[in-house]
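**Student:** Take a look at the following structure, please.
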Amino acid sequence: MLKILKYSFIDLIRSHWSYVYFLFYLILGFVLLFINNDLSKAIITLMNIIIVLTPLIGTLLGVMYYYHSREFTELLLAQPLKRSTIFFGQYLGLSISLTFSLVVGLGIPFLAYGLIQSTVIFNFISLLLIGSLLSFIFTALALNIAIANDDRIKGFGYSILLWLFMAVIYDGLFLVSLVSFSDYPLEKFALGVTVFNPIDLSRIYIVLKLDIAALLGYTGAVFNSFFGTSYGKILSFLLLVLWVIIPSIRIITSSNKKDF
Amino acid sequence: MIDIKDLQKRFGKLKALDSINVSIQNDGIFAVLGPNGSGKTTLIKCILGMVIPDAGSIRINDQEILGQWAYREKISYMPQIANFPPNLKVFELIRMIKSFRTGITNVDELIALFQLEASLEKKISHLSGGTKQKVNILLTFMIDAPLIILDEPTTGLDPVALMKLKQLILDEKKRGKIILITSHSMAFVNAISDDIVFLLEGKIYFRGSITELKEKTKQPDLEQAIVKLLTSPHA
């Protein structure tokens, strides 16, 4: 598996996509620090960007890579390798290369700005951690969609829809249901619903971590009052890890049954 | 050495393989022929474990292969489309495939044979179609496996490279290997294959030597014999 990981990582890290993605974060980091002139303010702005952007790029690159490397995957399938080795290796190669662009791209400007001496270093690390988790989660979801759909157009369509749903529509639906059922106690419903959206979970985790009550929102506030700050942080983090594990296991089980 | 019994595969309504029974015991070059959609690729992919059959068994060297993966050590496969990771360099690709296998031989001879020395340091995305196909051949023939499967190996090759490929295949045969080939080029099949397995609508329609096929269809050459097979009333 490490061999597949290594070579798919090398292939991806040399692609134009990786350069563009890396440069985007590099420039974004410098621009935000230049405008805000303050590390912790820049981190808050970054949070809003990372939470939406890492899932989008993870989803797009996940499906694109799968369809693009189909013939090569077939060649790998003809080698004495287990299917789980091939697909898990490719999955890790993809997610790690995305995480690499994110961490290095943002790391350079923040380090240059004196992150090490600052008190917000742990907030920054949490932010990168969440961005990485989101990359892993959405790459896994995208690969699941791509494996299930041989038709590229469908695969792209479903994965864009998935992103749109998680990043935009989910909150809207949630708000509408809160308003329509405002006469009922909705705390448990709100909690339950949050668990099913990794983007919401990430937002809650970071806001709890950064301790900015104003940005908590309804779900965050419920989460906070229900579990308390520290327990809430741990729980939301564990749920995010679960969001990585379940789709990655599904990559293996569904690829084992597939005809290539 | 290869023993396929009652192999069946459906894709939705389409019966891709309909109770295939083939046995290949001796070494030699076997051409798997048939019109588009006759089940050639599905059959080969079943042997390679890429397509999971609905029923039946495939045994290689008396070992059931369904659900297994280690047996692929005995197979060297050349895919039809040479679409490798675009940002890897040729030598990295060779090194990667080497790392999956034991029994790697004569890499340097093959590089020299196809004059790939200058391409080794190039990214795959910078290679021409013909060069990619030569790399594809190199990756297949550098592996010393008793069973070689070639899917449309002649695509995109210039006459010189084609001649070298023929020679390579014949050399492997002399070493006592089984070579399965699918090809649309009748001239190529005619020139090298010992036996033909002709598939039609997921069934084996003919199995035997080229001479036997010509006698059966009463045609002077292979191409006309195949046309006769396809257009005869039982087809």
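Ordering of the structure tokens sets the chain letters (A, B, ...), residue numbers begin anew at 1 in every chain, and ligands are numbered from 1 in the order given.
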Residues of region 104-243 of chain A classed as helix (DSSP H, G or I) by DSSP on the backbone are to be reported as a ChimeraX atom specification.

**Tutor:** /A:104-112,121-148,152-180,187-195,198-210,213-215,217-227,229-243

**Student:** Residues within 12 Å of Ser225 (chain A), please, as an MDAnalysis selection string. Count only C-alpha atoms; anything in the same chain fewer than 4 positions from it doesn't count.

**Tutor:** chainID A and resid 187:188 191 208 213 216 218:221 229:232

**Student:** Can I get the selected residues back with all heavy atoms, as a short mmCIF file (atom, residue, chain, number, x, y, z; two decimals), in the first residue's frame?

**Tutor:**
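Printed below is out-v2.cif as written:
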```cif
data_model
loop_
_atom_site.label_atom_id
_atom_site.label_comp_id
_atom_site.auth_asym_id
_atom_site.auth_seq_id
_atom_site.Cartn_x
_atom_site.Cartn_y
_atom_site.Cartn_z
N GLU A 187 -33.71 20.99 20.64
CA GLU A 187 -32.28 20.80 20.93
C GLU A 187 -31.76 19.46 20.42
O GLU A 187 -30.73 19.39 19.77
CB GLU A 187 -32.02 20.91 22.44
CG GLU A 187 -32.00 22.32 22.97
CD GLU A 187 -33.41 22.84 23.23
OE1 GLU A 187 -34.38 22.08 23.03
OE2 GLU A 187 -33.54 24.01 23.63
N LYS A 188 -32.50 18.40 20.77
CA LYS A 188 -31.99 17.08 20.41
C LYS A 188 -32.00 16.87 18.90
O LYS A 188 -31.08 16.29 18.33
CB LYS A 188 -32.80 15.99 21.10
CG LYS A 188 -32.39 15.89 22.54
CD LYS A 188 -32.94 14.69 23.25
CE LYS A 188 -32.43 14.72 24.69
NZ LYS A 188 -33.41 14.16 25.63
N LEU A 191 -29.04 18.68 17.51
CA LEU A 191 -27.80 17.93 17.75
C LEU A 191 -27.67 16.77 16.78
O LEU A 191 -26.62 16.55 16.18
CB LEU A 191 -27.80 17.37 19.18
CG LEU A 191 -27.37 18.32 20.26
CD1 LEU A 191 -27.47 17.62 21.61
CD2 LEU A 191 -25.95 18.78 20.01
N LEU A 208 -15.68 26.42 18.96
CA LEU A 208 -15.48 26.08 20.38
C LEU A 208 -14.02 26.25 20.76
O LEU A 208 -13.69 26.75 21.83
CB LEU A 208 -15.92 24.63 20.65
CG LEU A 208 -17.42 24.34 20.61
CD1 LEU A 208 -17.67 22.85 20.84
CD2 LEU A 208 -18.17 25.15 21.65
N ALA A 213 -18.08 33.02 21.06
CA ALA A 213 -19.50 32.70 21.24
C ALA A 213 -20.35 33.31 20.13
O ALA A 213 -21.33 32.70 19.68
CB ALA A 213 -19.97 33.20 22.59
N LEU A 216 -20.98 31.03 17.21
CA LEU A 216 -21.44 29.66 17.47
C LEU A 216 -22.63 29.27 16.62
O LEU A 216 -22.72 28.14 16.15
CB LEU A 216 -21.80 29.50 18.94
CG LEU A 216 -20.68 29.01 19.85
CD1 LEU A 216 -21.17 28.95 21.28
CD2 LEU A 216 -20.17 27.66 19.42
N TYR A 218 -26.82 28.57 16.05
CA TYR A 218 -27.78 27.83 16.88
C TYR A 218 -27.23 26.46 17.28
O TYR A 218 -27.17 26.12 18.45
CB TYR A 218 -29.10 27.68 16.13
CG TYR A 218 -30.13 26.93 16.94
CD1 TYR A 218 -30.77 27.54 18.01
CD2 TYR A 218 -30.43 25.60 16.66
CE1 TYR A 218 -31.71 26.86 18.77
CE2 TYR A 218 -31.36 24.90 17.41
CZ TYR A 218 -32.00 25.54 18.47
OH TYR A 218 -32.91 24.84 19.21
N THR A 219 -26.77 25.68 16.27
CA THR A 219 -26.29 24.34 16.57
C THR A 219 -25.10 24.39 17.52
O THR A 219 -25.03 23.60 18.46
CB THR A 219 -25.83 23.58 15.31
OG1 THR A 219 -25.21 24.50 14.43
CG2 THR A 219 -26.98 22.90 14.63
N GLY A 220 -24.22 25.32 17.26
CA GLY A 220 -23.04 25.44 18.10
C GLY A 220 -23.44 25.75 19.54
O GLY A 220 -22.91 25.18 20.50
N ALA A 221 -24.41 26.67 19.68
CA ALA A 221 -24.85 27.05 21.02
C ALA A 221 -25.47 25.85 21.73
O ALA A 221 -25.20 25.60 22.90
CB ALA A 221 -25.85 28.20 20.92
N THR A 229 -17.89 23.16 26.74
CA THR A 229 -16.89 23.46 25.71
C THR A 229 -15.91 22.31 25.48
O THR A 229 -15.72 21.86 24.36
CB THR A 229 -16.11 24.73 26.07
OG1 THR A 229 -17.06 25.75 26.33
CG2 THR A 229 -15.21 25.15 24.94
N SER A 230 -15.33 21.79 26.57
CA SER A 230 -14.25 20.82 26.34
C SER A 230 -14.80 19.49 25.84
O SER A 230 -14.28 18.91 24.90
CB SER A 230 -13.43 20.63 27.61
OG SER A 230 -14.31 20.31 28.67
N TYR A 231 -15.90 19.04 26.43
CA TYR A 231 -16.49 17.79 25.99
C TYR A 231 -17.02 17.93 24.56
O TYR A 231 -16.88 17.03 23.74
CB TYR A 231 -17.61 17.38 26.95
CG TYR A 231 -18.13 15.99 26.72
CD1 TYR A 231 -17.24 14.92 26.58
CD2 TYR A 231 -19.50 15.75 26.64
CE1 TYR A 231 -17.72 13.65 26.37
CE2 TYR A 231 -19.98 14.48 26.40
CZ TYR A 231 -19.09 13.42 26.27
OH TYR A 231 -19.56 12.17 26.03
N GLY A 232 -17.59 19.08 24.28
CA GLY A 232 -18.10 19.36 22.93
C GLY A 232 -17.01 19.29 21.89
O GLY A 232 -17.19 18.75 20.80
#
```

**Student:** Kindly determine which residues of chain B lie within 8 Å of chain A, considering only C-alpha atoms, and give the answer as a list of chain:residue names.

**Tutor:**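 Interface list for chain B against chain A: B:Lys45, B:Leu48, B:Gly49, B:Met50, B:Val51, B:Ile52, B:Trp69, B:Ala70, B:Tyr71, B:Arg72, B:Glu73, B:Ile75, B:Ser76, B:Tyr77, B:Met78, B:Pro79, B:Ile81, B:Ala82, B:Asn83, B:Phe84, B:Pro85, B:Pro86, B:Asn87, B:Leu88, B:Met96, B:Ser99, B:Phe100, B:Arg101.
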
**Student:** Quick one: of A:Ile199, A:Leu134, A:Leu102, A:Leu5, who's nearest to Leu28 (chain A), counting only C-alpha atoms?

**Tutor:**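 Checking each of A:Ile199, A:Leu134, A:Leu102, A:Leu5 against Leu28 (chain A), counting only C-alpha atoms, the winner is A:Leu102.
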
**Student:** In Å, with one decimal, what is the gap from CA of Ile130 (chain A) to CA of Arg152 (chain A)?

**Tutor:**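 CA of Arg152 (chain A) lies at a distance of 29.1 Å from CA of Ile130 (chain A).
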
**Student:** To one decimal place, how far is CA of Asp151 (chain A) from CA of Phe165 (chain A) in Å?

**Tutor:** 21.0 Å

**Student:** Using only C-alpha atoms, which residues sit within 8 Å of Phe87 (chain A) once same-chain residues fewer than 5 positions away are excluded, as JSON, numbers by chain?

**Tutor:** {"A": [251, 252, 255]}

**Student:** Can you tell me how far CA of Ile94 (chain B) sits from CA of Met142 (chain B), in Å to one decimal?

**Tutor:**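 Result for CA of Ile94 (chain B) versus CA of Met142 (chain B): 9.2 Å, one decimal.
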
**Student:** So that I can check the surroundings of region 105-110 of chain A, please list as a compact mmCIF listing (two decimals) with all heavy atoms, in the first residue's frame every protein, DNA and RNA residue that reaches within 12 Å of it, counting only C-alpha atoms and ignoring chain neighbours fewer than 5 positions away.

**Tutor:**
```txt
# COMPACT_ATOMS: atom_id res chain seq x y z
N SER A 18 -2.12 20.72 -7.97
CA SER A 18 -1.46 20.87 -6.67
C SER A 18 -0.76 22.21 -6.57
O SER A 18 -0.84 22.88 -5.55
CB SER A 18 -0.44 19.77 -6.46
OG SER A 18 -1.07 18.56 -6.25
N TYR A 19 -0.11 22.62 -7.67
CA TYR A 19 0.59 23.91 -7.65
C TYR A 19 -0.39 25.04 -7.44
O TYR A 19 -0.19 25.94 -6.63
CB TYR A 19 1.35 24.13 -8.97
CG TYR A 19 2.57 23.25 -9.12
CD1 TYR A 19 2.74 22.45 -10.24
CD2 TYR A 19 3.54 23.22 -8.13
CE1 TYR A 19 3.86 21.64 -10.38
CE2 TYR A 19 4.66 22.41 -8.25
CZ TYR A 19 4.81 21.62 -9.38
OH TYR A 19 5.90 20.82 -9.51
N VAL A 20 -1.49 25.00 -8.21
CA VAL A 20 -2.47 26.08 -8.13
C VAL A 20 -3.07 26.13 -6.72
O VAL A 20 -3.20 27.20 -6.12
CB VAL A 20 -3.59 25.86 -9.18
CG1 VAL A 20 -4.73 26.83 -8.98
CG2 VAL A 20 -3.02 25.99 -10.58
N TYR A 21 -3.40 24.97 -6.20
CA TYR A 21 -4.03 24.87 -4.87
C TYR A 21 -3.06 25.39 -3.80
O TYR A 21 -3.44 26.16 -2.91
CB TYR A 21 -4.39 23.41 -4.63
CG TYR A 21 -5.30 23.13 -3.47
CD1 TYR A 21 -6.48 23.85 -3.27
CD2 TYR A 21 -5.01 22.10 -2.56
CE1 TYR A 21 -7.32 23.57 -2.20
CE2 TYR A 21 -5.85 21.81 -1.50
CZ TYR A 21 -7.00 22.54 -1.33
OH TYR A 21 -7.82 22.25 -0.29
N PHE A 22 -1.82 24.98 -3.94
CA PHE A 22 -0.78 25.42 -2.99
C PHE A 22 -0.59 26.94 -3.06
O PHE A 22 -0.59 27.63 -2.05
CB PHE A 22 0.53 24.69 -3.32
CG PHE A 22 1.75 25.29 -2.69
CD1 PHE A 22 2.02 25.12 -1.35
CD2 PHE A 22 2.65 26.03 -3.46
CE1 PHE A 22 3.14 25.67 -0.77
CE2 PHE A 22 3.78 26.59 -2.89
CZ PHE A 22 4.02 26.41 -1.54
N LEU A 23 -0.46 27.45 -4.29
CA LEU A 23 -0.24 28.89 -4.46
C LEU A 23 -1.43 29.68 -3.94
O LEU A 23 -1.27 30.76 -3.36
CB LEU A 23 0.00 29.22 -5.94
CG LEU A 23 1.40 28.88 -6.44
CD1 LEU A 23 1.50 29.13 -7.94
CD2 LEU A 23 2.45 29.70 -5.70
N PHE A 24 -2.64 29.13 -4.16
CA PHE A 24 -3.83 29.82 -3.67
C PHE A 24 -3.75 30.03 -2.16
O PHE A 24 -3.95 31.14 -1.67
CB PHE A 24 -5.08 29.01 -4.01
CG PHE A 24 -6.34 29.57 -3.39
CD1 PHE A 24 -7.00 30.63 -3.98
CD2 PHE A 24 -6.82 29.05 -2.21
CE1 PHE A 24 -8.14 31.16 -3.40
CE2 PHE A 24 -7.96 29.57 -1.61
CZ PHE A 24 -8.62 30.64 -2.21
N TYR A 25 -3.41 28.98 -1.42
CA TYR A 25 -3.33 29.11 0.04
C TYR A 25 -2.18 30.03 0.45
O TYR A 25 -2.31 30.79 1.40
CB TYR A 25 -3.19 27.74 0.70
CG TYR A 25 -4.50 27.02 0.84
CD1 TYR A 25 -4.68 25.74 0.34
CD2 TYR A 25 -5.58 27.63 1.47
CE1 TYR A 25 -5.90 25.09 0.47
CE2 TYR A 25 -6.79 26.99 1.60
CZ TYR A 25 -6.95 25.72 1.09
OH TYR A 25 -8.15 25.09 1.22
N LEU A 26 -1.08 29.93 -0.29
CA LEU A 26 0.07 30.77 0.03
C LEU A 26 -0.31 32.24 -0.09
O LEU A 26 -0.10 33.05 0.83
CB LEU A 26 1.21 30.44 -0.94
CG LEU A 26 2.57 31.02 -0.61
CD1 LEU A 26 3.18 30.28 0.57
CD2 LEU A 26 3.50 30.91 -1.81
N ILE A 27 -0.94 32.59 -1.23
CA ILE A 27 -1.33 33.99 -1.46
C ILE A 27 -2.41 34.40 -0.47
O ILE A 27 -2.34 35.48 0.14
CB ILE A 27 -1.80 34.17 -2.91
CG1 ILE A 27 -0.62 33.91 -3.86
CG2 ILE A 27 -2.36 35.56 -3.14
CD1 ILE A 27 -1.00 33.73 -5.31
N LEU A 28 -3.39 33.52 -0.28
CA LEU A 28 -4.48 33.80 0.66
C LEU A 28 -3.92 34.12 2.05
O LEU A 28 -4.33 35.11 2.69
CB LEU A 28 -5.42 32.61 0.74
CG LEU A 28 -6.62 32.76 1.67
CD1 LEU A 28 -7.67 33.65 1.03
CD2 LEU A 28 -7.23 31.40 1.99
N GLY A 29 -2.97 33.31 2.49
CA GLY A 29 -2.37 33.51 3.81
C GLY A 29 -1.72 34.89 3.93
O GLY A 29 -2.00 35.64 4.87
N PHE A 30 -0.91 35.22 2.94
CA PHE A 30 -0.22 36.52 2.98
C PHE A 30 -1.21 37.67 2.92
O PHE A 30 -1.10 38.65 3.66
CB PHE A 30 0.80 36.62 1.83
CG PHE A 30 2.11 35.96 2.16
CD1 PHE A 30 2.57 34.88 1.43
CD2 PHE A 30 2.89 36.43 3.21
CE1 PHE A 30 3.78 34.26 1.73
CE2 PHE A 30 4.10 35.82 3.53
CZ PHE A 30 4.54 34.73 2.78
N VAL A 31 -2.21 37.55 2.03
CA VAL A 31 -3.18 38.64 1.86
C VAL A 31 -3.97 38.85 3.16
O VAL A 31 -4.14 39.98 3.63
CB VAL A 31 -4.13 38.33 0.68
CG1 VAL A 31 -5.31 39.29 0.67
CG2 VAL A 31 -3.38 38.43 -0.63
N LEU A 32 -4.44 37.75 3.75
CA LEU A 32 -5.24 37.87 4.98
C LEU A 32 -4.43 38.51 6.10
O LEU A 32 -4.92 39.37 6.83
CB LEU A 32 -5.72 36.48 5.43
CG LEU A 32 -6.91 35.92 4.67
CD1 LEU A 32 -7.30 34.57 5.27
CD2 LEU A 32 -8.08 36.87 4.73
N LEU A 33 -3.18 38.09 6.22
CA LEU A 33 -2.34 38.64 7.28
C LEU A 33 -2.06 40.11 7.02
O LEU A 33 -2.01 40.92 7.93
CB LEU A 33 -1.04 37.85 7.38
CG LEU A 33 -1.21 36.46 7.99
CD1 LEU A 33 0.04 35.63 7.82
CD2 LEU A 33 -1.57 36.58 9.47
N PHE A 34 -1.91 40.45 5.75
CA PHE A 34 -1.64 41.84 5.36
C PHE A 34 -2.85 42.71 5.68
O PHE A 34 -2.73 43.80 6.25
CB PHE A 34 -1.30 41.89 3.87
CG PHE A 34 -0.98 43.26 3.38
CD1 PHE A 34 0.23 43.86 3.71
CD2 PHE A 34 -1.89 43.96 2.59
CE1 PHE A 34 0.51 45.13 3.26
CE2 PHE A 34 -1.59 45.22 2.14
CZ PHE A 34 -0.39 45.81 2.48
N ASN A 37 -3.70 42.22 9.65
CA ASN A 37 -2.56 42.61 10.47
C ASN A 37 -2.62 41.97 11.86
O ASN A 37 -2.13 42.53 12.83
CB ASN A 37 -2.50 44.13 10.57
CG ASN A 37 -1.06 44.59 10.61
OD1 ASN A 37 -0.15 43.77 10.54
ND2 ASN A 37 -0.84 45.88 10.73
N ASP A 38 -3.28 40.84 11.94
CA ASP A 38 -3.45 40.22 13.25
C ASP A 38 -3.68 38.73 13.05
O ASP A 38 -4.53 38.33 12.25
CB ASP A 38 -4.65 40.85 13.95
CG ASP A 38 -4.95 40.17 15.27
OD1 ASP A 38 -4.14 40.35 16.20
OD2 ASP A 38 -5.97 39.44 15.35
N LEU A 39 -2.92 37.91 13.76
CA LEU A 39 -2.99 36.47 13.52
C LEU A 39 -4.36 35.88 13.83
O LEU A 39 -4.93 35.15 13.04
CB LEU A 39 -1.93 35.74 14.35
CG LEU A 39 -0.50 35.74 13.80
CD1 LEU A 39 0.45 35.18 14.84
CD2 LEU A 39 -0.43 34.93 12.52
N SER A 40 -4.93 36.25 14.99
CA SER A 40 -6.17 35.55 15.37
C SER A 40 -7.35 35.98 14.49
O SER A 40 -8.23 35.16 14.20
CB SER A 40 -6.48 35.70 16.85
OG SER A 40 -6.44 37.02 17.23
N ALA A 42 -7.04 36.79 11.34
CA ALA A 42 -6.82 36.08 10.08
C ALA A 42 -7.27 34.63 10.19
O ALA A 42 -7.83 34.07 9.24
CB ALA A 42 -5.34 36.14 9.70
N ILE A 43 -7.08 34.05 11.36
CA ILE A 43 -7.49 32.65 11.55
C ILE A 43 -9.00 32.51 11.42
O ILE A 43 -9.51 31.57 10.81
CB ILE A 43 -6.99 32.13 12.91
CG1 ILE A 43 -5.47 31.94 12.86
CG2 ILE A 43 -7.66 30.80 13.28
CD1 ILE A 43 -4.85 31.51 14.15
N LEU A 46 -9.94 32.75 7.85
CA LEU A 46 -9.50 31.51 7.18
C LEU A 46 -10.47 30.37 7.44
O LEU A 46 -10.74 29.57 6.55
CB LEU A 46 -8.14 31.10 7.72
CG LEU A 46 -6.93 31.41 6.89
CD1 LEU A 46 -5.71 30.81 7.56
CD2 LEU A 46 -7.08 30.86 5.49
N MET A 47 -10.97 30.31 8.67
CA MET A 47 -11.89 29.23 9.02
C MET A 47 -13.04 29.17 8.03
O MET A 47 -13.38 28.11 7.50
CB MET A 47 -12.44 29.43 10.42
CG MET A 47 -13.52 28.41 10.76
SD MET A 47 -14.44 28.82 12.25
CE MET A 47 -15.67 29.92 11.56
N ILE A 50 -11.71 27.85 4.65
CA ILE A 50 -11.27 26.45 4.66
C ILE A 50 -12.45 25.48 4.75
O ILE A 50 -12.49 24.46 4.07
CB ILE A 50 -10.30 26.23 5.84
CG1 ILE A 50 -8.94 26.79 5.48
CG2 ILE A 50 -10.17 24.74 6.19
CD1 ILE A 50 -7.89 26.55 6.51
N SER A 97 -1.77 14.48 -0.52
CA SER A 97 -1.26 15.56 -1.37
C SER A 97 -2.09 16.83 -1.19
O SER A 97 -1.55 17.94 -1.19
CB SER A 97 -1.19 15.12 -2.83
OG SER A 97 -2.47 15.10 -3.39
N LEU A 98 -3.40 16.69 -1.02
CA LEU A 98 -4.25 17.87 -0.76
C LEU A 98 -3.88 18.52 0.58
O LEU A 98 -3.74 19.74 0.68
CB LEU A 98 -5.72 17.47 -0.72
CG LEU A 98 -6.36 17.14 -2.06
CD1 LEU A 98 -7.79 16.67 -1.86
CD2 LEU A 98 -6.35 18.38 -2.94
N THR A 99 -3.71 17.66 1.58
CA THR A 99 -3.36 18.17 2.91
C THR A 99 -2.01 18.88 2.88
O THR A 99 -1.83 19.91 3.51
CB THR A 99 -3.30 16.98 3.89
OG1 THR A 99 -4.55 16.31 3.85
CG2 THR A 99 -3.03 17.43 5.30
N PHE A 100 -1.10 18.32 2.09
CA PHE A 100 0.22 18.91 1.94
C PHE A 100 0.13 20.34 1.40
O PHE A 100 0.72 21.27 1.95
CB PHE A 100 1.04 18.02 0.99
CG PHE A 100 2.46 18.44 0.82
CD1 PHE A 100 3.42 18.07 1.75
CD2 PHE A 100 2.84 19.20 -0.27
CE1 PHE A 100 4.73 18.44 1.59
CE2 PHE A 100 4.17 19.58 -0.44
CZ PHE A 100 5.11 19.20 0.49
N LEU A 115 4.23 33.15 13.87
CA LEU A 115 3.24 32.27 14.51
C LEU A 115 3.81 31.60 15.76
O LEU A 115 3.13 31.46 16.78
CB LEU A 115 2.79 31.22 13.50
CG LEU A 115 1.79 30.19 13.99
CD1 LEU A 115 0.43 30.82 14.16
CD2 LEU A 115 1.69 29.03 13.02
N ILE A 116 5.10 31.21 15.66
CA ILE A 116 5.70 30.41 16.72
C ILE A 116 5.66 31.15 18.07
O ILE A 116 5.37 30.56 19.11
CB ILE A 116 7.17 30.05 16.36
CG1 ILE A 116 7.21 29.28 15.04
CG2 ILE A 116 7.83 29.25 17.48
CD1 ILE A 116 6.80 27.84 15.12
N GLN A 117 5.93 32.47 18.03
CA GLN A 117 5.95 33.22 19.28
C GLN A 117 4.54 33.58 19.76
O GLN A 117 4.37 34.09 20.85
CB GLN A 117 6.75 34.53 19.12
CG GLN A 117 8.25 34.35 19.05
CD GLN A 117 8.73 34.08 17.63
OE1 GLN A 117 8.12 34.57 16.68
NE2 GLN A 117 9.77 33.29 17.49
N SER A 118 3.55 33.32 18.90
CA SER A 118 2.22 33.83 19.24
C SER A 118 1.46 32.84 20.09
O SER A 118 1.77 31.65 20.17
CB SER A 118 1.46 34.15 17.95
OG SER A 118 0.31 33.40 17.87
N VAL A 120 -1.67 32.09 19.59
CA VAL A 120 -2.75 31.43 18.83
C VAL A 120 -2.25 30.24 18.02
O VAL A 120 -2.98 29.71 17.20
CB VAL A 120 -3.47 32.43 17.88
CG1 VAL A 120 -4.20 33.47 18.68
CG2 VAL A 120 -2.49 33.04 16.91
N ILE A 121 -1.00 29.82 18.29
CA ILE A 121 -0.46 28.72 17.47
C ILE A 121 -1.32 27.47 17.51
O ILE A 121 -1.53 26.82 16.48
CB ILE A 121 1.02 28.42 17.89
CG1 ILE A 121 1.56 27.28 17.03
CG2 ILE A 121 1.15 28.09 19.36
CD1 ILE A 121 3.04 27.19 16.99
N PHE A 124 -4.31 27.83 15.28
CA PHE A 124 -3.92 27.67 13.89
C PHE A 124 -3.75 26.19 13.54
O PHE A 124 -4.23 25.71 12.52
CB PHE A 124 -2.62 28.44 13.63
CG PHE A 124 -2.16 28.37 12.20
CD1 PHE A 124 -2.84 29.05 11.21
CD2 PHE A 124 -1.04 27.62 11.85
CE1 PHE A 124 -2.43 28.98 9.89
CE2 PHE A 124 -0.62 27.55 10.53
CZ PHE A 124 -1.31 28.24 9.56
N ILE A 125 -3.10 25.46 14.45
CA ILE A 125 -2.90 24.03 14.20
C ILE A 125 -4.24 23.30 14.13
O ILE A 125 -4.47 22.47 13.25
CB ILE A 125 -2.00 23.41 15.30
CG1 ILE A 125 -0.57 23.95 15.12
CG2 ILE A 125 -1.97 21.89 15.21
CD1 ILE A 125 0.38 23.56 16.22
N LEU A 127 -7.02 24.54 13.15
CA LEU A 127 -7.63 24.91 11.88
C LEU A 127 -7.08 24.03 10.75
O LEU A 127 -7.84 23.50 9.93
CB LEU A 127 -7.33 26.38 11.58
CG LEU A 127 -8.02 26.96 10.37
CD1 LEU A 127 -9.51 27.06 10.61
CD2 LEU A 127 -7.46 28.33 10.04
N LEU A 128 -5.75 23.86 10.73
CA LEU A 128 -5.14 23.01 9.70
C LEU A 128 -5.58 21.56 9.86
O LEU A 128 -5.83 20.86 8.88
CB LEU A 128 -3.61 23.09 9.77
CG LEU A 128 -2.99 24.43 9.37
CD1 LEU A 128 -1.48 24.30 9.35
CD2 LEU A 128 -3.50 24.89 8.03
N GLY A 131 -9.00 21.31 8.45
CA GLY A 131 -8.91 21.36 6.99
C GLY A 131 -8.45 20.02 6.44
O GLY A 131 -8.97 19.52 5.43
```

**Student:** Just asking: which residues within region 97-163 of chain B are strand (DSSP E) according to DSSP, as a ChimeraX atom specification?

**Tutor:** /B:147-151

**Student:** Write out the residues from the selection above, keeping C-alpha atoms, as an mmCIF file, in the first residue's frame.

**Tutor:**
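Done, and the output landed in part.cif:
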```
data_model
loop_
_atom_site.group_PDB
_atom_site.id
_atom_site.type_symbol
_atom_site.label_atom_id
_atom_site.label_comp_id
_atom_site.auth_asym_id
_atom_site.auth_seq_id
_atom_site.Cartn_x
_atom_site.Cartn_y
_atom_site.Cartn_z
ATOM 1 C CA LEU B 147 1.199 -16.602 -18.609
ATOM 2 C CA ILE B 148 1.233 -13.451 -20.756
ATOM 3 C CA ILE B 149 -1.977 -11.662 -21.713
ATOM 4 C CA LEU B 150 -1.839 -9.027 -24.452
ATOM 5 C CA ASP B 151 -4.910 -6.904 -25.157
#
```

**Student:** List as a VMD selection string the protein and nucleic acid residues near Lys228 (chain B), meaning an atom at most 8 Å away when only C-alpha atoms are counted, but skip any in the same chain fewer than 3 places from it.

**Tutor:** chain B and resid 217 219 224 to 225 231 to 232

**Student:** Given the selection you just returned, output its residues as a file containing N, CA and C atoms, formatted as a PDB file, in the first residue's frame.

**Tutor:**
```pdb
ATOM      1  N   THR B 217     -14.305 -23.809 -42.733  1.00  0.00           N
ATOM      2  CA  THR B 217     -15.092 -22.811 -43.465  1.00  0.00           C
ATOM      3  C   THR B 217     -14.824 -22.879 -44.975  1.00  0.00           C
ATOM      4  N   GLN B 219     -12.297 -21.736 -46.637  1.00  0.00           N
ATOM      5  CA  GLN B 219     -11.833 -20.447 -47.136  1.00  0.00           C
ATOM      6  C   GLN B 219     -10.308 -20.473 -47.242  1.00  0.00           C
ATOM      7  N   GLN B 224     -11.044 -14.214 -44.450  1.00  0.00           N
ATOM      8  CA  GLN B 224     -12.271 -14.685 -45.087  1.00  0.00           C
ATOM      9  C   GLN B 224     -12.929 -15.785 -44.268  1.00  0.00           C
ATOM     10  N   ALA B 225     -12.126 -16.585 -43.605  1.00  0.00           N
ATOM     11  CA  ALA B 225     -12.674 -17.644 -42.760  1.00  0.00           C
ATOM     12  C   ALA B 225     -13.485 -17.054 -41.606  1.00  0.00           C
ATOM     13  N   THR B 231     -20.905 -14.867 -40.826  1.00  0.00           N
ATOM     14  CA  THR B 231     -22.083 -14.714 -41.676  1.00  0.00           C
ATOM     15  C   THR B 231     -22.800 -16.037 -41.956  1.00  0.00           C
ATOM     16  N   SER B 232     -22.177 -17.153 -41.541  1.00  0.00           N
ATOM     17  CA  SER B 232     -22.828 -18.440 -41.794  1.00  0.00           C
ATOM     18  C   SER B 232     -24.124 -18.533 -40.981  1.00  0.00           C
TER      19      SER B 232
END
```

**Student:** Which residues, written as a list in words, have at least one atom at most 9 Å from Ala31 (chain B), with only C-alpha atoms counted and residues fewer than 5 positions away on the same chain left out?

**Tutor:**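 These residues fall inside the cut-off: Ile179, Leu180, Ile181, Thr182, Ser183, Val189, Ile192, Ser193, Asp194, Asp195, Ile196, Val197 and Phe198 of chain B.
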